[in-house]
$ cat run-v2.csv   # CSV, C-alpha atoms
chain,number,residue,atom,x,y,z
A,1,MET,CA,-19.4,-14.8,6.4
A,2,THR,CA,-18.7,-18.3,5.2
A,3,ARG,CA,-16.1,-19.0,2.5
A,4,LEU,CA,-18.8,-19.8,0.0
A,5,GLY,CA,-20.6,-16.6,0.8
A,6,PHE,CA,-17.3,-14.7,0.3
A,7,LEU,CA,-16.7,-16.4,-3.0
A,8,MET,CA,-20.3,-15.6,-4.2
A,9,ALA,CA,-20.0,-11.9,-3.1
A,10,ARG,CA,-16.7,-11.6,-4.9
A,11,LEU,CA,-18.1,-13.3,-8.1
A,12,MET,CA,-21.3,-11.2,-8.1
A,13,ARG,CA,-19.3,-8.0,-7.3
A,14,GLN,CA,-21.4,-7.4,-4.2
A,15,GLU,CA,-19.5,-4.7,-2.4
A,16,ALA,CA,-21.5,-4.4,0.9
A,17,PRO,CA,-20.8,-8.0,2.1
A,18,LEU,CA,-17.1,-7.6,1.3
A,19,ALA,CA,-16.9,-4.2,3.0
A,20,ALA,CA,-18.5,-5.7,6.1
A,21,LEU,CA,-15.3,-7.8,6.6
A,22,SER,CA,-13.2,-4.6,6.8
A,23,VAL,CA,-12.3,-2.3,9.7
A,24,SER,CA,-13.3,1.3,8.9
A,25,GLN,CA,-10.9,3.9,7.6
A,26,ALA,CA,-11.5,5.9,10.7
A,27,GLU,CA,-10.4,2.9,12.8
A,28,LEU,CA,-7.3,2.4,10.6
A,29,SER,CA,-6.5,6.1,11.0
A,30,GLY,CA,-6.9,5.8,14.8
A,31,ASP,CA,-4.4,3.0,14.9
A,32,LEU,CA,-1.8,5.4,13.4
A,33,ALA,CA,-2.5,8.3,15.8
A,34,GLY,CA,0.7,9.9,17.0
A,35,LYS,CA,2.9,7.3,15.3
A,36,SER,CA,5.8,7.4,12.9
A,37,VAL,CA,5.2,5.4,9.7
A,38,ALA,CA,7.6,4.1,7.1
A,39,LEU,CA,5.9,3.5,3.7
A,40,VAL,CA,8.3,1.4,1.6
A,41,GLY,CA,7.9,1.5,-2.1
A,42,ASN,CA,9.5,-0.9,-4.6
A,43,ALA,CA,11.8,1.4,-6.6
A,44,ARG,CA,15.0,-0.4,-7.6
A,45,ALA,CA,17.1,2.6,-6.3
A,46,LEU,CA,16.2,1.8,-2.7
A,47,ALA,CA,18.3,-1.4,-2.9
A,48,GLU,CA,21.4,0.7,-3.4
A,49,GLY,CA,21.1,2.4,0.0
A,50,ASP,CA,21.3,1.5,3.6
A,51,ALA,CA,18.0,2.6,5.0
A,52,GLY,CA,17.0,-0.7,6.5
A,53,ALA,CA,17.6,0.0,10.1
A,54,GLU,CA,16.0,3.4,9.8
A,55,ILE,CA,12.9,1.8,8.2
A,56,ASP,CA,12.6,-0.7,11.0
A,57,GLY,CA,12.9,2.0,13.6
A,58,HIS,CA,9.5,3.4,12.8
A,59,ASP,CA,6.4,2.6,14.8
A,60,VAL,CA,4.6,1.1,11.8
A,61,VAL,CA,6.2,-0.2,8.6
A,62,ILE,CA,4.0,-0.6,5.6
A,63,ARG,CA,5.1,-2.4,2.4
A,64,ILE,CA,3.4,-2.9,-1.0
A,65,ASN,CA,2.3,-5.9,-2.9
A,66,ARG,CA,5.0,-8.6,-3.0
A,67,ALA,CA,7.3,-6.4,-1.0
A,68,PRO,CA,10.7,-7.3,-2.4
A,69,MET,CA,13.4,-7.0,0.2
A,70,PRO,CA,16.7,-7.8,-1.4
A,71,SER,CA,18.7,-7.0,1.8
A,72,VAL,CA,18.3,-6.2,5.4
A,73,ARG,CA,20.7,-3.3,4.9
A,74,SER,CA,18.6,-1.6,2.3
A,75,HIS,CA,15.0,-2.6,3.2
A,76,GLY,CA,14.9,-3.7,6.8
A,77,THR,CA,12.9,-6.7,7.9
A,78,ARG,CA,9.5,-5.7,9.5
A,79,THR,CA,6.2,-5.6,7.8
A,80,ASP,CA,3.5,-4.4,10.1
A,81,TRP,CA,1.0,-3.7,7.3
A,82,LEU,CA,1.0,-5.0,3.7
A,83,ALA,CA,-1.0,-3.2,1.1
A,84,LEU,CA,-2.1,-5.3,-1.8
A,85,ALA,CA,-3.6,-4.9,-5.2
A,86,THR,CA,-2.5,-8.3,-6.4
A,87,SER,CA,-2.7,-11.9,-5.2
A,88,LEU,CA,-0.1,-13.1,-2.8
A,89,SER,CA,1.5,-16.5,-3.0
A,90,ALA,CA,1.8,-18.7,0.1
A,91,ALA,CA,5.6,-18.4,-0.2
A,92,ASP,CA,5.5,-14.6,-0.2
A,93,ARG,CA,3.0,-14.5,2.7
A,94,ALA,CA,5.3,-16.7,4.7
A,95,ARG,CA,8.4,-14.6,3.8
A,96,ILE,CA,6.8,-11.2,4.5
A,97,LYS,CA,4.8,-12.2,7.5
A,98,PRO,CA,2.4,-9.2,7.4
A,99,GLY,CA,0.7,-8.2,10.7
A,100,ARG,CA,-2.2,-6.7,8.8
A,101,ILE,CA,-3.5,-6.8,5.2
A,102,LEU,CA,-4.9,-3.7,3.4
A,103,TRP,CA,-6.6,-4.5,0.2
A,104,MET,CA,-6.2,-1.4,-2.0
A,105,GLY,CA,-7.0,-2.9,-5.4
A,106,HIS,CA,-10.2,-2.1,-7.1
A,107,LYS,CA,-10.3,-5.6,-8.6
A,108,ARG,CA,-12.1,-7.5,-5.9
A,109,LYS,CA,-11.9,-10.7,-7.8
A,110,ARG,CA,-8.2,-10.9,-6.8
A,111,LEU,CA,-9.0,-10.6,-3.1
A,112,ASP,CA,-8.4,-14.0,-1.3
A,113,TRP,CA,-10.2,-15.5,1.6
A,114,GLN,CA,-7.2,-15.8,3.8
A,115,SER,CA,-6.5,-12.0,3.5
A,116,ALA,CA,-10.2,-11.1,4.0
A,117,GLN,CA,-10.4,-13.2,7.2
A,118,SER,CA,-7.1,-11.9,8.7
A,119,ASP,CA,-7.0,-9.8,11.8
A,120,GLY,CA,-7.5,-6.1,11.2
A,121,PHE,CA,-8.3,-6.6,7.5
A,122,TYR,CA,-9.0,-3.3,5.6
A,123,LEU,CA,-10.8,-3.0,2.3
A,124,HIS,CA,-10.1,0.4,0.6
A,125,PRO,CA,-13.4,2.0,-0.6
A,126,LEU,CA,-14.0,2.1,-4.3
A,127,ASP,CA,-15.2,5.7,-4.0
A,128,ASP,CA,-11.7,6.7,-2.8
A,129,TYR,CA,-10.1,4.8,-5.6
A,130,GLU,CA,-12.3,6.5,-8.2
A,131,ALA,CA,-11.8,10.0,-6.8
A,132,LEU,CA,-8.0,9.6,-7.0
A,133,LYS,CA,-8.2,8.1,-10.5
A,134,THR,CA,-10.2,11.2,-11.6
A,135,ARG,CA,-7.6,13.5,-10.0
A,136,LEU,CA,-4.7,11.8,-11.7
A,137,GLY,CA,-6.4,11.0,-15.0
A,138,ALA,CA,-5.1,7.4,-14.8
A,139,GLN,CA,-5.3,4.4,-12.6
A,140,PRO,CA,-3.5,5.2,-9.3
A,141,THR,CA,-0.7,3.0,-8.1
A,142,THR,CA,-1.0,1.2,-4.7
A,143,GLY,CA,1.7,3.5,-3.4
A,144,VAL,CA,0.0,6.8,-4.2
A,145,MET,CA,-3.4,5.5,-2.9
A,146,LEU,CA,-1.6,4.8,0.4
A,147,ILE,CA,0.0,8.2,0.5
A,148,ASP,CA,-3.3,9.9,-0.2
A,149,MET,CA,-5.0,7.9,2.6
A,150,LEU,CA,-2.2,8.2,5.1
A,151,ALA,CA,-2.0,11.9,4.6
A,152,ARG,CA,-5.6,12.1,5.9
A,153,SER,CA,-4.8,10.1,9.0
A,154,ASN,CA,-3.6,11.2,12.4
A,155,LEU,CA,-0.1,9.9,12.1
A,156,ALA,CA,2.8,12.0,13.5
A,157,ARG,CA,5.2,11.4,10.6
A,158,LEU,CA,5.2,9.7,7.2
A,159,ASP,CA,8.6,8.7,5.7
A,160,LEU,CA,8.5,7.6,2.1
A,161,TYR,CA,11.2,5.2,1.0
A,162,GLY,CA,11.6,3.7,-2.5
A,163,PHE,CA,9.4,6.2,-4.3
A,164,ASP,CA,11.0,7.6,-7.4
A,165,PHE,CA,7.9,7.3,-9.6
A,166,PHE,CA,9.4,4.6,-11.9
A,167,ALA,CA,12.7,6.5,-12.6
A,168,SER,CA,14.7,3.5,-11.6
A,169,LEU,CA,11.9,1.0,-12.5
A,170,SER,CA,10.5,-1.5,-9.9
A,171,LEU,CA,12.0,-4.3,-8.0
A,172,SER,CA,8.8,-6.2,-8.4
A,173,GLY,CA,9.0,-6.5,-12.3
A,174,SER,CA,10.7,-5.6,-15.5
A,175,ARG,CA,8.1,-3.5,-17.2
A,176,SER,CA,8.9,0.1,-18.3
A,177,ALA,CA,6.6,3.0,-17.5
A,178,ASP,CA,4.9,2.9,-20.9
A,179,LYS,CA,3.8,-0.7,-20.2
A,180,VAL,CA,1.8,0.1,-17.0
A,181,PRO,CA,-1.5,1.9,-16.7
A,182,HIS,CA,-0.3,4.7,-14.4
A,183,ASP,CA,0.7,8.4,-14.9
A,184,PHE,CA,3.9,8.7,-12.9
A,185,ALA,CA,4.4,12.4,-13.7
A,186,ALA,CA,0.9,13.1,-12.3
A,187,GLU,CA,1.6,11.0,-9.2
A,188,ALA,CA,4.9,12.8,-8.6
A,189,ALA,CA,3.2,16.1,-8.9
A,190,LEU,CA,0.4,15.1,-6.4
A,191,VAL,CA,2.9,13.8,-3.9
A,192,GLY,CA,5.1,16.9,-4.3
A,193,THR,CA,2.0,19.0,-3.5
A,194,LEU,CA,1.2,16.9,-0.4
A,195,ILE,CA,4.8,17.2,0.8
A,196,ALA,CA,4.8,21.0,0.3
A,197,GLN,CA,1.5,21.3,2.3
A,198,ASP,CA,2.2,18.8,5.0
A,199,SER,CA,5.4,18.9,7.0
A,200,ARG,CA,4.7,15.4,8.4
A,201,ILE,CA,5.4,13.8,5.0
A,202,ILE,CA,9.1,13.3,4.1
A,203,ARG,CA,10.5,11.7,0.9
A,204,ASN,CA,13.8,9.9,1.7

$ encode --input "run-v2.csv" --output "structure tokens"
Amino acid sequence: MTRLGFLMARLMRQEAPLAALSVSQAELSGDLAGKSVALVGNARALAEGDAGAEIDGHDVVIRINRAPMPSVRSHGTRTDWLALATSLSAADRARIKPGRILWMGHKRKRLDWQSAQSDGFYLHPLDDYEALKTRLGAQPTTGVMLIDMLARSNLARLDLYGFDFFASLSLSGSRSADKVPHDFAAEAALVGTLIAQDSRIIRN
């Protein structure tokens, strides 16, 4: 696809041409088979700990959106996969150095050409987004979309860091829970159920 074709497909909300740029969810799952995964959320409380080396010790490290990393001690350094639902500045892209981009956001108009053309690019299906939105009764966060998807993969272990469902707010902004379109109580309940049912998932 040319850049012009990409821009037209994005403008006209043509899902099929955009999806053709993506690896399949089955391929993404296959890349995780038998591996330990660290999914790093953006809760402010994570910055108070010293989980950085532990995070970097996983086979795959996944971070979210602008992936704030206030210190190596608390957050580590690696970003193998970066899950986005927002645009990424050139400075943030250079800082994070993601090995792979996952576009989780339902707003395709925010998807940029550089991400869509990157190696191993993944576009999360709108059907999956809508199904999770229905279960939660609210727009799902990027984090809970990832947890839902990763729980259906063949990974060996999923460690969650920086997930307190907005109890300590987010490192990526100053908004309070009532100013964002998410139901954090519903998300906490869903993740709690997944953890109870799946011994691979551990909340740190």

$ closest_residue --input "run-v2.csv" --among "A:Gly99, A:Gly49, A:Gly41, A:Pro17" --to "Val144 (chain A)" --atoms "all atoms listed in the file"
A:Gly41

$ residues_near_point --input "run-v2.csv" --point "(1.5, 16.2, -3.5)" --cutoff "12 Å" --atoms "all atoms listed in the file" --output "PDB file with C-alpha atoms, keeping the file's coordinate frame"
ATOM      1  CA  ARG A 135      -7.600  13.500 -10.000  1.00  0.00           C
ATOM      2  CA  LEU A 136      -4.700  11.800 -11.700  1.00  0.00           C
ATOM      3  CA  VAL A 144       0.000   6.800  -4.200  1.00  0.00           C
ATOM      4  CA  MET A 145      -3.400   5.500  -2.900  1.00  0.00           C
ATOM      5  CA  ILE A 147       0.000   8.200   0.500  1.00  0.00           C
ATOM      6  CA  ASP A 148      -3.300   9.900  -0.200  1.00  0.00           C
ATOM      7  CA  ALA A 151      -2.000  11.900   4.600  1.00  0.00           C
ATOM      8  CA  ALA A 185       4.400  12.400 -13.700  1.00  0.00           C
ATOM      9  CA  ALA A 186       0.900  13.100 -12.300  1.00  0.00           C
ATOM     10  CA  GLU A 187       1.600  11.000  -9.200  1.00  0.00           C
ATOM     11  CA  ALA A 188       4.900  12.800  -8.600  1.00  0.00           C
ATOM     12  CA  ALA A 189       3.200  16.100  -8.900  1.00  0.00           C
ATOM     13  CA  LEU A 190       0.400  15.100  -6.400  1.00  0.00           C
ATOM     14  CA  VAL A 191       2.900  13.800  -3.900  1.00  0.00           C
ATOM     15  CA  GLY A 192       5.100  16.900  -4.300  1.00  0.00           C
ATOM     16  CA  THR A 193       2.000  19.000  -3.500  1.00  0.00           C
ATOM     17  CA  LEU A 194       1.200  16.900  -0.400  1.00  0.00           C
ATOM     18  CA  ILE A 195       4.800  17.200   0.800  1.00  0.00           C
ATOM     19  CA  ALA A 196       4.800  21.000   0.300  1.00  0.00           C
ATOM     20  CA  GLN A 197       1.500  21.300   2.300  1.00  0.00           C
ATOM     21  CA  ASP A 198       2.200  18.800   5.000  1.00  0.00           C
ATOM     22  CA  SER A 199       5.400  18.900   7.000  1.00  0.00           C
ATOM     23  CA  ILE A 201       5.400  13.800   5.000  1.00  0.00           C
ATOM     24  CA  ILE A 202       9.100  13.300   4.100  1.00  0.00           C
ATOM     25  CA  ARG A 203      10.500  11.700   0.900  1.00  0.00           C
TER      26      ARG A 203
END

$ residues_around --input "run-v2.csv" --residues "Ser115 (chain A)" --least-positions-apart "3" --cutoff "10 Å" --atoms "all atoms listed in the file" --output "MDAnalysis selection string"
chainID A and resid 84 87:88 93 100:103 111:112 118:122

$ write_last_selection --input "run-v2.csv" --atoms "C-alpha atoms" --output "PDB file, keeping the file's coordinate frame"
ATOM      1  CA  LEU A  84      -2.100  -5.300  -1.800  1.00  0.00           C
ATOM      2  CA  SER A  87      -2.700 -11.900  -5.200  1.00  0.00           C
ATOM      3  CA  LEU A  88      -0.100 -13.100  -2.800  1.00  0.00           C
ATOM      4  CA  ARG A  93       3.000 -14.500   2.700  1.00  0.00           C
ATOM      5  CA  ARG A 100      -2.200  -6.700   8.800  1.00  0.00           C
ATOM      6  CA  ILE A 101      -3.500  -6.800   5.200  1.00  0.00           C
ATOM      7  CA  LEU A 102      -4.900  -3.700   3.400  1.00  0.00           C
ATOM      8  CA  TRP A 103      -6.600  -4.500   0.200  1.00  0.00           C
ATOM      9  CA  LEU A 111      -9.000 -10.600  -3.100  1.00  0.00           C
ATOM     10  CA  ASP A 112      -8.400 -14.000  -1.300  1.00  0.00           C
ATOM     11  CA  SER A 118      -7.100 -11.900   8.700  1.00  0.00           C
ATOM     12  CA  ASP A 119      -7.000  -9.800  11.800  1.00  0.00           C
ATOM     13  CA  GLY A 120      -7.500  -6.100  11.200  1.00  0.00           C
ATOM     14  CA  PHE A 121      -8.300  -6.600   7.500  1.00  0.00           C
ATOM     15  CA  TYR A 122      -9.000  -3.300   5.600  1.00  0.00           C
TER      16      TYR A 122
END

$ closest_residue --input "run-v2.csv" --among "A:Gly5, A:Pro125, A:Gly52, A:Pro68" --to "Arg108 (chain A)" --atoms "all atoms listed in the file"
A:Pro125

$ atom_distance --input "run-v2.csv" --atom1 "CA of Ser170 (chain A)" --atom2 "CA of Ala47 (chain A)"
10.5 Å

$ atom_distance --input "run-v2.csv" --atom1 "CA of Ser71 (chain A)" --atom2 "CA of Asp183 (chain A)"
29.0 Å

$ atom_distance --input "run-v2.csv" --atom1 "CA of Leu7 (chain A)" --atom2 "CA of Arg95 (chain A)"
26.1 Å

$ closest_residue --input "run-v2.csv" --among "A:Asp92, A:Asp59, A:Asp159, A:Glu54" --to "Lys35 (chain A)" --atoms "only C-alpha atoms"
A:Asp59

$ residues_around --input "run-v2.csv" --residues "Met8 (chain A)" --least-positions-apart "5" --cutoff "12 Å" --atoms "all atoms listed in the file" --output "list in words"
Met1, Thr2, Arg3, Arg13, Gln14, Glu15, Pro17, Leu18, Arg108, Lys109 and Trp113 of chain A

$ closest_residue --input "run-v2.csv" --among "A:Ala83, A:Ala26, A:Val72, A:Ala138" --to "Ala51 (chain A)" --atoms "only C-alpha atoms"
A:Val72

$ closest_residue --input "run-v2.csv" --among "A:Leu132, A:Ala53, A:Leu150, A:Val61" --to "Leu28 (chain A)" --atoms "all atoms listed in the file"
A:Leu150

$ closest_residue --input "run-v2.csv" --among "A:Ala91, A:Val40, A:Ala20, A:Ala85" --to "Gly105 (chain A)" --atoms "all atoms listed in the file"
A:Ala85

$ decode --input "run-v2.csv" --residues "region 62-95 of chain A" --atoms "N, CA and C atoms" --output "short mmCIF file (atom, residue, chain, number, x, y, z; two decimals), in the first residue's frame"
data_model
loop_
_atom_site.label_atom_id
_atom_site.label_comp_id
_atom_site.auth_asym_id
_atom_site.auth_seq_id
_atom_site.Cartn_x
_atom_site.Cartn_y
_atom_site.Cartn_z
N ILE A 62 6.22 -5.49 27.25
CA ILE A 62 5.21 -4.72 26.52
C ILE A 62 4.87 -3.47 27.35
N ARG A 63 4.93 -2.32 26.71
CA ARG A 63 4.55 -1.07 27.38
C ARG A 63 3.39 -0.42 26.63
N ILE A 64 2.84 0.63 27.23
CA ILE A 64 1.57 1.17 26.77
C ILE A 64 1.68 2.65 26.44
N ASN A 65 1.16 3.03 25.28
CA ASN A 65 1.07 4.41 24.81
C ASN A 65 2.41 5.13 24.92
N ARG A 66 2.51 6.23 25.66
CA ARG A 66 3.78 6.97 25.67
C ARG A 66 4.79 6.38 26.65
N ALA A 67 4.43 5.31 27.31
CA ALA A 67 5.34 4.51 28.12
C ALA A 67 6.29 5.34 28.99
N PRO A 68 5.76 6.11 29.94
CA PRO A 68 6.66 6.85 30.83
C PRO A 68 7.55 5.90 31.62
N MET A 69 8.83 6.22 31.69
CA MET A 69 9.80 5.40 32.42
C MET A 69 10.66 6.34 33.27
N PRO A 70 10.15 6.73 34.44
CA PRO A 70 10.86 7.72 35.25
C PRO A 70 12.23 7.28 35.75
N SER A 71 12.44 5.97 35.90
CA SER A 71 13.75 5.51 36.31
C SER A 71 13.97 4.07 35.87
N VAL A 72 15.23 3.72 35.64
CA VAL A 72 15.58 2.33 35.32
C VAL A 72 15.23 1.43 36.49
N ARG A 73 15.43 1.91 37.70
CA ARG A 73 15.18 1.12 38.90
C ARG A 73 13.72 0.66 38.97
N SER A 74 12.80 1.54 38.66
CA SER A 74 11.38 1.21 38.80
C SER A 74 10.76 0.60 37.56
N HIS A 75 11.25 0.97 36.38
CA HIS A 75 10.57 0.60 35.14
C HIS A 75 11.40 -0.23 34.17
N GLY A 76 12.71 -0.34 34.39
CA GLY A 76 13.53 -1.04 33.41
C GLY A 76 13.78 -0.19 32.18
N THR A 77 14.26 -0.83 31.13
CA THR A 77 14.65 -0.08 29.93
C THR A 77 14.07 -0.63 28.63
N ARG A 78 13.80 -1.93 28.56
CA ARG A 78 13.42 -2.55 27.29
C ARG A 78 11.96 -2.30 26.94
N THR A 79 11.71 -2.15 25.65
CA THR A 79 10.35 -2.14 25.13
C THR A 79 10.35 -2.98 23.87
N ASP A 80 9.97 -4.23 24.00
CA ASP A 80 9.91 -5.11 22.83
C ASP A 80 8.68 -4.80 21.99
N TRP A 81 7.54 -4.63 22.67
CA TRP A 81 6.30 -4.28 21.98
C TRP A 81 5.73 -3.04 22.65
N LEU A 82 5.19 -2.13 21.84
CA LEU A 82 4.52 -0.94 22.35
C LEU A 82 3.09 -0.93 21.85
N ALA A 83 2.14 -0.90 22.77
CA ALA A 83 0.72 -0.91 22.44
C ALA A 83 0.19 0.51 22.47
N LEU A 84 -0.39 0.95 21.37
CA LEU A 84 -0.81 2.33 21.23
C LEU A 84 -2.31 2.47 21.01
N ALA A 85 -2.84 3.56 21.57
CA ALA A 85 -4.19 4.01 21.23
C ALA A 85 -4.16 5.52 21.04
N THR A 86 -2.96 6.05 20.91
CA THR A 86 -2.77 7.48 20.73
C THR A 86 -1.56 7.71 19.84
N SER A 87 -1.45 8.90 19.32
CA SER A 87 -0.32 9.21 18.45
C SER A 87 0.97 9.26 19.27
N LEU A 88 2.07 9.01 18.59
CA LEU A 88 3.38 8.95 19.24
C LEU A 88 4.30 9.96 18.58
N SER A 89 4.86 10.86 19.39
CA SER A 89 5.76 11.86 18.83
C SER A 89 7.08 11.22 18.40
N ALA A 90 7.80 11.92 17.55
CA ALA A 90 9.11 11.42 17.11
C ALA A 90 10.06 11.29 18.30
N ALA A 91 9.96 12.22 19.23
CA ALA A 91 10.83 12.18 20.41
C ALA A 91 10.52 10.96 21.27
N ASP A 92 9.23 10.67 21.48
CA ASP A 92 8.86 9.50 22.27
C ASP A 92 9.25 8.21 21.56
N ARG A 93 9.09 8.17 20.25
CA ARG A 93 9.47 6.97 19.50
C ARG A 93 10.96 6.71 19.62
N ALA A 94 11.75 7.77 19.55
CA ALA A 94 13.20 7.64 19.68
C ALA A 94 13.60 7.23 21.09
N ARG A 95 12.86 7.72 22.08
CA ARG A 95 13.16 7.38 23.48
C ARG A 95 12.80 5.93 23.80
#
